[in-house]
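Q: One structure is given below, represented as structure tokens, and several questions about it will come after.
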Amino acid sequence: MKFASALTTKKDPLDAIQDLVSQVRTEIGPEKTDLALLFVHPEFLPQLNEIYKPLRSAIGARHWVGCSGASIIGGHREVENEPAISLLVAQLPEVEIAPFTVTQHELEESSGPAFWHFQLVVTPDDNPNILLFADPFSIQSMQLVGALGEAYPAAPVAGGLASGGQQPGDCRLFLDDQILDEGGVGIALTGKIALRTIVSQGCRPIGQPLTITRAEKNIIFELAGRPPLEVLQELLPKLPESDQKLARKALFLGRVVNEYQEEFGRGDFLIRNLIGHDPQSGALAVGDFMRTGQTVQFQVRDGQSAAEDLAALLTREAKRPKRARPHGAVLFSCLGRGEGMYGAPNHDINALHQNFGPLATAGFFCNGEIGPIGEKPFVHGFTSVIGLFTEPEAEKG
């Protein structure tokens with residue numbers, strides 16, 4: 001297993017292609033490659049036909065997948081303020097690659113796990129690792145991710161929603177010789193490969209975990225037997241002044257994914273937005289469906305908490321006993337992160353490389369990030385999802 005990454009900010013199509021090919025060949029040599037991941041800034045889309053086919057011919061990878069992104073990640077950089085193209089190329093011996101597409105109509109017509117096993121030509125017994133990219137305007141991404149999670153329990157699913165578009169038809173998806181402007185595309189990797197995922201939602205809990213005692217759809221009416229707004233108003237004055245200020249502008253709710261755990265910590269909560277409240281009843285509206293009996297905890301987020309969360313998760317992964325050495329990585333970050341959140345460029349990719357050394361990496365800033373919490377995949381916001389490509393034998397034990 002061998003990976004090479006390349007990033008170019010050259011604007012001329014021919015110069016961009018030559019730059020990418022030169023970087024890849026320097027790292028991986030002239031040998032044939034099996035997989036290429038491509039992420040392209042929207043400014044290149046009018047010239048995409050001049051770039052995509054010649055680049056595919058020059059690189060020669062058997063399978064291609066990727067999408068357009070408002071900001072591009074590659075090599076050791078997060079390019080936020082100028083157009084760029086990023087490429088990750090891999091030699092994957094003893095790995096099977098199953099490409100797939102899905103439309104909103106197919107998603108609506110899907111009838112359970114068997115549909116997806118047929119669509120991907122992959123079963124759960126194959127232990128697939130899935131990379132998924134979707135257009136945010138034309139397909140219900142949360143439904144799609146949930147369906148794949150049901151079809152392939154515990155399978156790592158990582159990716160993101162294409163970004164940089166303002167309306168349907170603005171974004172692009174890539175899959176082998178296809179350039180699409182709707183639906184979703186992905187690949188399932190099986191065989192001698194494993195995708196280790198790190199999902200950093202960047203939040204810090206405040207208060208204590210509480211049980212929802214009455215909820216309907218996305219409305220929480222009672223939290224531990226009391227109106228949730230009342231619980232929150234009681235909690236906030238007890239917090240440090242800095243957290244009180246943060247809660248006024250960046251307050252979220254985390255719900256526990258695995259209720260069978262005795263204690264809940266970092267990485268156990270699925271973070272969701274608070275989208276409204278009713279002063280009379282004290283109810284809170286959440287950006288997801290909530291159920292009576294679920295455990296939740298209020299959360300806050302800022303650059304410092306996001307940096308601490310990512311550092312803790314990367315350190316934990318790097319110190320895992322008998323961990324597999326990653327050969328390459330993907331990084332899918334939210335458009336709301338980056339320099340705007342941290343006050344400095346290249347934060348997340350620097351953190352990745354500080355923990356794992358120089359690593360061939362590609363990715364983009366997403367309209368929604370796809371990654372697992374508690375072995376179930378979800379669509380996130382303000383999150384960084386990292387996928388580490390390793391060998392499965394080495395990560396056992």
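Chain labels run A, B, ... following the order of the structure tokens; each chain numbers its residues from 1, and ligands are numbered from 1 in the order shown.
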Can you list, as a list in words, every protein, DNA or RNA residue that comes within 9 Å of range 93-96 of chain A when you count only C-alpha atoms, leaving out same-chain residues fewer than 6 positions away?
A: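 That gives Met1, Asp34, Ala188, Leu189, Thr190, Gly191, Lys192 and Ile193 of chain A.
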Q: Using backbone DSSP assignments, extract all helix (DSSP H, G or I) residues from range 215-309 of chain A; output them as a list in words.
A: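 DSSP-assigned helix (DSSP H, G or I) residues in range 215-309 of chain A: Pro228, Leu229, Glu230, Val231, Leu232, Gln233, Glu234, Leu235, Leu236, Pro237, Lys238, Glu241, Ser242, Asp243, Gln244, Lys245, Leu246, Ala247, Arg248, Lys249, Gly303, Gln304, Ser305, Ala306, Ala307, Glu308 and Asp309 of chain A.
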Q: Please list as a ChimeraX atom specification every residue within 7 Å of range 330-337 of chain A, counting only C-alpha atoms and excluding residues in the same chain fewer than 5 positions away.
A: /A:159-160,361-369,381-388
Q: With DSSP run on the backbone, what are the strand (DSSP E) residues within range 292-351 of chain A? I'd like them as a list in words.
A: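 Restricting range 292-351 of chain A to strand (DSSP E) produces Thr295, Val296, Gln297, Phe298, Gln299, Val300, Arg301, Gly328, Ala329, Val330, Leu331, Phe332, Ser333 and Cys334 of chain A.
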Q: Residues as selected, C-alpha atoms, written as a compact mmCIF listing (two decimals), in the first residue's frame, can you do that?
A:
# COMPACT_ATOMS: atom_id res chain seq x y z
CA THR A 295 -29.30 11.17 27.26
CA VAL A 296 -28.15 14.66 26.27
CA GLN A 297 -25.73 17.33 27.49
CA PHE A 298 -25.31 20.98 26.58
CA GLN A 299 -22.10 21.83 24.73
CA VAL A 300 -20.10 24.93 23.74
CA ARG A 301 -17.64 25.42 20.90
CA GLY A 328 -2.30 8.01 3.67
CA ALA A 329 -5.11 10.19 4.92
CA VAL A 330 -8.19 12.18 3.95
CA LEU A 331 -9.35 15.31 5.78
CA PHE A 332 -12.88 16.69 5.47
CA SER A 333 -13.40 19.92 7.40
CA CYS A 334 -16.34 22.28 7.82
Q: List the spatial neighbours of Gly338 in chain A as a list in words - criterion: any atom at most 12 Å away, only C-alpha atoms, same-chain residues fewer than 5 positions off excluded.
A: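 Listing them by chain and then by number gives Ser71, Ile72, Ile73, Arg77, Glu78, Val79, Glu80, Asn81, Asp302, Gly303, Ala306, Ala307, Phe332, Ser333, Gly343, Ala344, Pro345, Asn346, His347, Asp348, Ile349, Asn350, Phe364, Phe365, Cys366, Phe382, Thr383 and Ser384 of chain A.
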Q: Counting only C-alpha atoms, which residue out of A:Ile139, A:Cys171, A:Ile206, A:Ala6 sits closest to Ser305 in chain A?
A: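 Answer, going by the shortest atom-to-atom distance: A:Ile206.
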Q: Can you tell me, as a list in words, what residues are no more than 9 Å from Ala58 in chain A when counting only C-alpha atoms, ignoring any on the same chain fewer than 6 positions away?
A: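 Listing them by chain and then by number gives Ile17, Gln18 and Val21 of chain A.
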Q: Might you pull out every residue within 10 Å of Arg266 in chain A, with only C-alpha atoms counted and same-chain residues fewer than 4 positions away left off, and present them as a list of chain:residue names?
A: A:Ser200, A:Gln201, A:Gly202, A:Cys203, A:Arg204, A:Pro205, A:Asp309, A:Ala312, A:Leu313
Q: Keeping only C-alpha atoms, take the residues you just selected and write them out as a tab-separated table (two decimals), in the first residue's frame.
A:
chain	number	residue	atom	x	y	z
A	200	SER	CA	-13.68	15.92	15.92
A	201	GLN	CA	-16.87	17.88	16.57
A	202	GLY	CA	-14.93	20.52	18.44
A	203	CYS	CA	-17.26	20.88	21.41
A	204	ARG	CA	-16.82	20.87	25.17
A	205	PRO	CA	-19.63	19.73	27.49
A	309	ASP	CA	-10.84	18.23	21.03
A	312	ALA	CA	-7.05	14.80	22.30
A	313	LEU	CA	-8.58	12.53	19.65
Q: Hey, what's within 10 Å of Ala360 in chain A if we count only C-alpha atoms and toss same-chain stuff fewer than 3 positions away? As an MDAnalysis selection string, please?
A: chainID A and resid 2:6 27 74:76 87:90 326:330 353 357
